[in-house]
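One structure is given here, and the rest of the page talks about it.
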Amino acid sequence: MLKFERVDMGPGTWNAEIAKCPEHTVFQTPQWLSFVAKTQHAEPVIAALKERQQTVGYFAGLIVRNFGLRILGSPLAGWTTSYMGLCLTAPTPRRMAIEALIRFAFEDLRCVHFEFMDRFLTLEDINSLGFGHRIFAGFEVDLTQTEKQLLAKMSDSCRWSIRKAEKQSIFIEEAHDSKFADDYYAQLEDVFAKQSLVPTYGVERVRELIREVHSTGMLLLLRARNREGRCIATGIFAGTNRIAYFWGGASWRNYQSLRPNELIQWYAMKYWKGRGMRAYDMGGGGEYKRKYGGVEIYVPWVRKSKYRSLSHMRDIAQQLVRSRQRLSGKWKICVSLPLTRRAKYNPPAEVCG
């Protein structure tokens, strides 16, 4: 019978171990786990999957405590982190590994709820195991194609946008300075303000991500500057083990007509292709991503609670978070408008009071 055993590994040892796993992602690296641990006040968990005395894989996740209850995420929603879950080193049936993970989460770790998203998981793997799930849909670009083929797969409008940005002398630079997080976050606030919302995380999360991961070479920070030298758009990308990921992008609304976002995406594809990445995962849905020529992918994000009521409470908590975000965005717009314009904006009375 397969069994998970929690192990204590330093960053160097864990890096060496996951390097043996052909499935590992950047989100399972010690630097990324440290980033999540610090921003979520979470406890990292690394466990070896044992078949008798042989290690046939690993699991990486983190435990958070809510109202005194232990919750295991690999990842949890809101962590701005993608695929974690299992990392198998031998041809072990994934369903058997998941059955062992259930026992490990509830019995060994004493958690009452856990969630994970595994890039190689299928719905057949969890059938009849009592999991709830939602589908994490996105787009993945094949970077083994030539640059000419990559451009040909893009929509006509996307290619036109890239050419327009180049003709407008938009310049893409790789960033290595501490001010990047502030540039990115200011633009992100502008993006959310367009929908009367506020970002779901603060600028300190971006700073922590850069502190923990950038020096490893697994994080690419890009700025787009106009011909006057102003930073008008930014992008954050991560990559390792032949796959690159889009973490976040933002731009000033006043300059979006210059198409800096498309040029940033094209630069990132060429950058990671040149470093041996074979695929570019654009990180979840968004119809605007279709124009970059990727294929649609669907990955189940699964969850299981020890007690049935906890799953319902989780759904209510997520709805409350979304409602708070909408109200916060409307409040921010309300207090920032001059008095003469607030009447025109006319937000709900409970927001402006």
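Chain labels A, B, ... are given in the sequence in which chains occur in the structure tokens; within each chain residues are numbered consecutively from 1, and ligands are likewise numbered from 1 in the order shown.
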At a cut-off of 6 Å, using only C-alpha atoms, what residues contact range 129-133 of chain A? Leave out same-chain residues fewer than 4 positions from it and give the result as a list in words.
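Residues near the query, excluding close chain neighbours: Trp301, Val302, Arg303 and Lys304 of chain A.
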Mind the document's chain letters and residue numbers, and return as a short mmCIF file (atom, residue, chain, number, x, y, z; two decimals) with C-alpha atoms, in the first residue's frame the residues of range 158-338 of chain A that DSSP labels strand (DSSP E or B).
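This is the output file part18.cif:
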```cif
data_model
loop_
_atom_site.label_atom_id
_atom_site.label_comp_id
_atom_site.auth_asym_id
_atom_site.auth_seq_id
_atom_site.Cartn_x
_atom_site.Cartn_y
_atom_site.Cartn_z
CA PHE A 171 10.55 49.10 -26.09
CA ILE A 172 10.51 45.99 -23.87
CA GLU A 173 13.12 45.78 -21.13
CA GLU A 174 13.93 43.11 -18.58
CA LEU A 219 11.13 34.77 -12.75
CA LEU A 220 11.02 37.21 -15.67
CA LEU A 221 9.98 40.82 -15.05
CA LEU A 222 9.19 42.94 -18.11
CA ARG A 223 8.47 46.61 -18.65
CA ALA A 224 7.12 48.24 -21.80
CA ARG A 225 8.27 51.84 -22.30
CA CYS A 231 6.71 52.63 -18.23
CA ILE A 232 3.25 51.96 -19.69
CA ALA A 233 2.85 48.21 -19.12
CA THR A 234 4.39 45.39 -17.09
CA GLY A 235 4.40 41.61 -17.06
CA ILE A 236 5.51 38.87 -14.65
CA PHE A 237 6.36 35.38 -15.89
CA ALA A 238 7.76 32.26 -14.22
CA GLY A 239 9.37 29.18 -15.71
CA THR A 240 11.32 26.01 -15.07
CA ILE A 243 7.22 25.10 -18.95
CA ALA A 244 6.75 28.87 -18.57
CA TYR A 245 3.77 30.52 -16.89
CA PHE A 246 2.07 33.91 -17.02
CA TRP A 247 1.74 35.21 -13.45
CA GLY A 248 0.37 38.69 -14.04
CA GLY A 249 0.26 41.68 -16.35
CA ALA A 250 -0.96 45.25 -16.14
CA SER A 251 -0.91 48.51 -18.08
CA ALA A 279 5.31 25.22 -23.49
CA TYR A 280 3.87 28.51 -22.26
CA ASP A 281 0.88 28.17 -19.92
CA VAL A 295 -4.69 25.33 -27.34
CA GLU A 296 -7.33 25.14 -24.62
CA ILE A 297 -6.45 23.08 -21.55
CA TYR A 298 -8.69 21.93 -18.70
CA VAL A 299 -7.37 20.89 -15.29
CA PRO A 300 -9.58 19.85 -12.34
CA TRP A 301 -9.02 21.82 -9.12
CA VAL A 302 -10.28 19.41 -6.48
CA ARG A 303 -11.33 19.72 -2.85
CA LYS A 304 -12.41 17.40 -0.07
CA SER A 305 -13.62 18.08 3.47
#
```
List the neighbours of Val56 in chain A out to 6 Å using only C-alpha atoms; skip same-chain residues closer than 2 positions along the sequence, and give me the result as a PDB file with C-alpha atoms, in the first residue's frame.
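Final file, part-v5.pdb:
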```pdb
ATOM      1  CA  LEU A  49       5.240   8.894  -1.348  1.00  0.00           C
ATOM      2  CA  LYS A  50       6.518   5.483  -0.293  1.00  0.00           C
ATOM      3  CA  THR A  89       9.055   9.868 -10.047  1.00  0.00           C
ATOM      4  CA  ALA A  90       7.877   6.375 -10.971  1.00  0.00           C
TER       5      ALA A  90
END
```
Please compute the CA of Val26 in chain A-CA of Cys87 in chain A distance, one decimal, in Å.
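Value for the CA of Val26 in chain A-CA of Cys87 in chain A distance: 11.7 Å.
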